[in-house]
Amino acid sequence: MNTPSKQNESNSMRSITERSRIFAALNELHLKYRNLGEGAVADYIPELARANPDWFAICAVTPDGQIYEIGDYEQQFTIQSMSKPFVYGLALEDHGRDAVLQRVGVEPTGDAFNSIIKLDSSNRPHNPCVNAGAIATTSMIKGNGPTERLNRMLELFRKYIGRKAYVDMSVFMSERTTGHRNRAIAYLMLNFGMIENEVEQILDLYFQQCSILVTCRDMAVMGATLANGGVNPLTGERALDANYIRDVLTVMYTCGMYDYAGEWAYSVGLPAKSGVAGGIFAVVPNKLGIAVYSPRLDPRGNSVRGIRVCEELSQNFGMHLFDALLDQSVGCAPDKTPAGSLPEGAVEVGDQATSHSINENGCASGSANAANILNSVRR
Ligand code: GLN
């Protein structure tokens with residue numbers, strides 16, 4: 001029988017090995033896909049075309065604040081549609097479930113993110129992840145005038161990121177001056193009574209929301225905040241009322257990847273959201289926030305490398321939500337990953353040893369003092 005100190009020692013050894021495995025797996029995937037040149041950088045918002053197509057970062061953050069990151073993880077880019085579930089959460093907090101459901105549904109469309117015509121029989125946009133639904137959701141942010149609404153939105157993102165949030169003015173102006181399709185969607189919804197009169201103000205706020213600057217690490221922290229029941233693992237601050245976590249993750253699961261949502265649910269099996277600047281983030285409840293940044297997109301507007309990395313991570317670590325039903329399930333748990341499931345060639349990196357504990361749920365208490373252990377490689 002192990003004495004308590006032997007037990008602690010072995011737990012600590014195990015957690016060093018687990019950290020090494022996660023880090024090695026991210027490292028391996030970064031190496032594997034860093035030369036993949038498929039896809040094209042978005043240019044329908046002209047400023048987005050300035051991104052370097054080769055930028056590539058992968059990050060994972062646990063609910064107890066461990067950070068794993070590889071590549072260009074400090075490169076800033078705009079959040080774009082990855083903002084949509086977070087603003088949906090704010091609308092739910094501001095108005096409650098029933099009022100929000102009257103303005104925007106929860107049904108996948110199977111259509112492109114910027115589809116114009118698809119409103120349901122009550123004239124609602126289908127879900128908060130397509131542009132029509134997101135514009136309707138943004139229009140519900142409470143506040144006395146555009147500045148207060150903008151400030152409330154920035155405050156929301158501050159809580160999720162754990163630092164002050166900023167709008168990229170060039171991207172904002174670029175989309176504002178060219179976003180006629182979104183303008184058409186908004187006026188169509190005005191016609192159907194789904195948004196109020198102040199269409200240009202609503203569009204400005206929507207374009208500002210899409211132009212918030214993030215890094216890959218920020219997105220993984222935001223994912224980890226949702227994985228942690230709404231509490232930011234780095235600051236201990238609550239970003240989303242626990243009552244609405246389920247709503248936000250459900251629409252991400254069913255609608256987050258647009259017309260790839262079904263295939264994504266089948267092959268990756270995690271709530272996720274992509275953005276046209278090249279970010280994708282995914283949530284493993286109670287376990288992990290994952291983010292990938294790579295600006296080359298497929299025809300549906302999802303990052304090519306981002307999809308490949310998430311698919312492999314999910315398969316290799318048994319992260320699909322229904323893997324929990326398998327006998328040898330690893331139950332979405334990096335800490336239960338069998339060594340054999342690592343990507344071929346993955347090596348253990350043994351230099352991240354730091355003593356550290358996870359509670360019995362594998363979930364941090366949200367303490368502001370949570371230790372952040374950085375496992376980083378910049379290539
Ligand atoms: N701002 C972008 C738009 O409305 C967001 C789209 C996206 O990231 N899929 O077109």
# chains A, B, ... in the order shown; residues from 1 in each chain; ligands from 1
call {"tool": "residues_near_ligand", "arguments": {"ligand": "ligand 1", "cutoff": "7 Å", "atoms": "only C-alpha atoms and all ligand atoms", "output": "number ranges by chain"}}
result
A: 80-82, 113-114, 131, 175, 182, 207, 210, 274-277, 301
call {"tool": "write_last_selection", "arguments": {"atoms": "C-alpha atoms", "output": "PDB file, in the first residue's frame"}}
result
ATOM      1  CA  GLN A  80     -14.796  36.676 -36.398  1.00  0.00           C
ATOM      2  CA  SER A  81     -17.546  34.062 -36.030  1.00  0.00           C
ATOM      3  CA  MET A  82     -15.910  32.448 -33.009  1.00  0.00           C
ATOM      4  CA  PHE A 113     -22.716  30.948 -42.726  1.00  0.00           C
ATOM      5  CA  ASN A 114     -23.795  33.981 -44.779  1.00  0.00           C
ATOM      6  CA  ASN A 131     -24.756  35.474 -39.630  1.00  0.00           C
ATOM      7  CA  GLU A 175     -15.910  44.861 -43.095  1.00  0.00           C
ATOM      8  CA  ASN A 182     -24.658  41.273 -43.909  1.00  0.00           C
ATOM      9  CA  PHE A 207     -18.665  44.079 -37.104  1.00  0.00           C
ATOM     10  CA  CYS A 210     -16.132  40.074 -35.238  1.00  0.00           C
ATOM     11  CA  SER A 274     -14.726  28.511 -36.450  1.00  0.00           C
ATOM     12  CA  GLY A 275     -14.054  32.002 -37.800  1.00  0.00           C
ATOM     13  CA  VAL A 276     -13.020  33.233 -41.246  1.00  0.00           C
ATOM     14  CA  ALA A 277      -9.757  34.712 -39.976  1.00  0.00           C
ATOM     15  CA  GLY A 301     -14.890  29.009 -44.424  1.00  0.00           C
TER      16      GLY A 301
END
call {"tool": "residues_around", "arguments": {"residues": "stretch 258-261 of chain A", "least_positions_apart": "4", "cutoff": "8 Å", "atoms": "only C-alpha atoms", "output": "PyMOL selection string"}}
result
chain A and resi 108-113+129-130+253-254+265+300
call {"tool": "residues_around", "arguments": {"residues": "A:Lys142", "least_positions_apart": "2", "cutoff": "7 Å", "atoms": "only C-alpha atoms", "output": "list in words"}}
result
Asp94, Met140 and Arg149 of chain A
call {"tool": "residues_around", "arguments": {"residues": "A:Ser376", "least_positions_apart": "6", "cutoff": "7 Å", "atoms": "only C-alpha atoms", "output": "list in words"}}
result
Tyr68, Glu69 and Ile70 of chain A
call {"tool": "select_by_dssp", "arguments": {"residues": "stretch 2-136 of chain A", "states": "strand (DSSP E)", "output": "JSON, numbers by chain"}}
result
{"A": [40, 41, 57, 58, 59, 60, 61, 67, 68, 69, 70, 71, 77, 78]}
call {"tool": "write_last_selection", "arguments": {"atoms": "N, CA and C atoms", "output": "PDB file, in the first residue's frame"}}
result
ATOM      1  N   ALA A  40      -7.356  28.696 -48.883  1.00  0.00           N
ATOM      2  CA  ALA A  40      -7.013  30.081 -49.224  1.00  0.00           C
ATOM      3  C   ALA A  40      -7.433  31.023 -48.098  1.00  0.00           C
ATOM      4  N   VAL A  41      -6.638  32.051 -47.904  1.00  0.00           N
ATOM      5  CA  VAL A  41      -6.946  33.059 -46.888  1.00  0.00           C
ATOM      6  C   VAL A  41      -8.182  33.848 -47.340  1.00  0.00           C
ATOM      7  N   ALA A  57      -0.754  27.912 -35.264  1.00  0.00           N
ATOM      8  CA  ALA A  57      -0.598  27.701 -33.820  1.00  0.00           C
ATOM      9  C   ALA A  57      -1.617  26.687 -33.329  1.00  0.00           C
ATOM     10  N   ILE A  58      -1.217  25.929 -32.342  1.00  0.00           N
ATOM     11  CA  ILE A  58      -2.135  25.001 -31.666  1.00  0.00           C
ATOM     12  C   ILE A  58      -1.983  25.232 -30.161  1.00  0.00           C
ATOM     13  N   CYS A  59      -3.104  25.347 -29.482  1.00  0.00           N
ATOM     14  CA  CYS A  59      -3.064  25.567 -28.021  1.00  0.00           C
ATOM     15  C   CYS A  59      -4.115  24.712 -27.332  1.00  0.00           C
ATOM     16  N   ALA A  60      -3.804  24.303 -26.145  1.00  0.00           N
ATOM     17  CA  ALA A  60      -4.804  23.619 -25.318  1.00  0.00           C
ATOM     18  C   ALA A  60      -4.657  24.143 -23.896  1.00  0.00           C
ATOM     19  N   VAL A  61      -5.783  24.365 -23.242  1.00  0.00           N
ATOM     20  CA  VAL A  61      -5.768  24.868 -21.861  1.00  0.00           C
ATOM     21  C   VAL A  61      -6.712  23.988 -21.033  1.00  0.00           C
ATOM     22  N   ILE A  67      -1.364  25.407 -19.613  1.00  0.00           N
ATOM     23  CA  ILE A  67      -1.406  25.882 -20.993  1.00  0.00           C
ATOM     24  C   ILE A  67      -0.381  25.119 -21.822  1.00  0.00           C
ATOM     25  N   TYR A  68      -0.833  24.563 -22.942  1.00  0.00           N
ATOM     26  CA  TYR A  68       0.048  23.872 -23.893  1.00  0.00           C
ATOM     27  C   TYR A  68      -0.025  24.642 -25.195  1.00  0.00           C
ATOM     28  N   GLU A  69       1.118  25.012 -25.756  1.00  0.00           N
ATOM     29  CA  GLU A  69       1.035  25.829 -26.967  1.00  0.00           C
ATOM     30  C   GLU A  69       2.240  25.619 -27.862  1.00  0.00           C
ATOM     31  N   ILE A  70       1.955  25.653 -29.162  1.00  0.00           N
ATOM     32  CA  ILE A  70       2.982  25.410 -30.163  1.00  0.00           C
ATOM     33  C   ILE A  70       2.808  26.402 -31.299  1.00  0.00           C
ATOM     34  N   GLY A  71       3.898  26.897 -31.827  1.00  0.00           N
ATOM     35  CA  GLY A  71       3.849  27.707 -33.055  1.00  0.00           C
ATOM     36  C   GLY A  71       3.591  29.176 -32.781  1.00  0.00           C
ATOM     37  N   PHE A  77      -5.120  37.829 -34.280  1.00  0.00           N
ATOM     38  CA  PHE A  77      -6.009  37.777 -35.445  1.00  0.00           C
ATOM     39  C   PHE A  77      -7.412  38.106 -34.947  1.00  0.00           C
ATOM     40  N   THR A  78      -8.339  38.289 -35.875  1.00  0.00           N
ATOM     41  CA  THR A  78      -9.672  38.680 -35.408  1.00  0.00           C
ATOM     42  C   THR A  78     -10.537  37.433 -35.161  1.00  0.00           C
TER      43      THR A  78
END
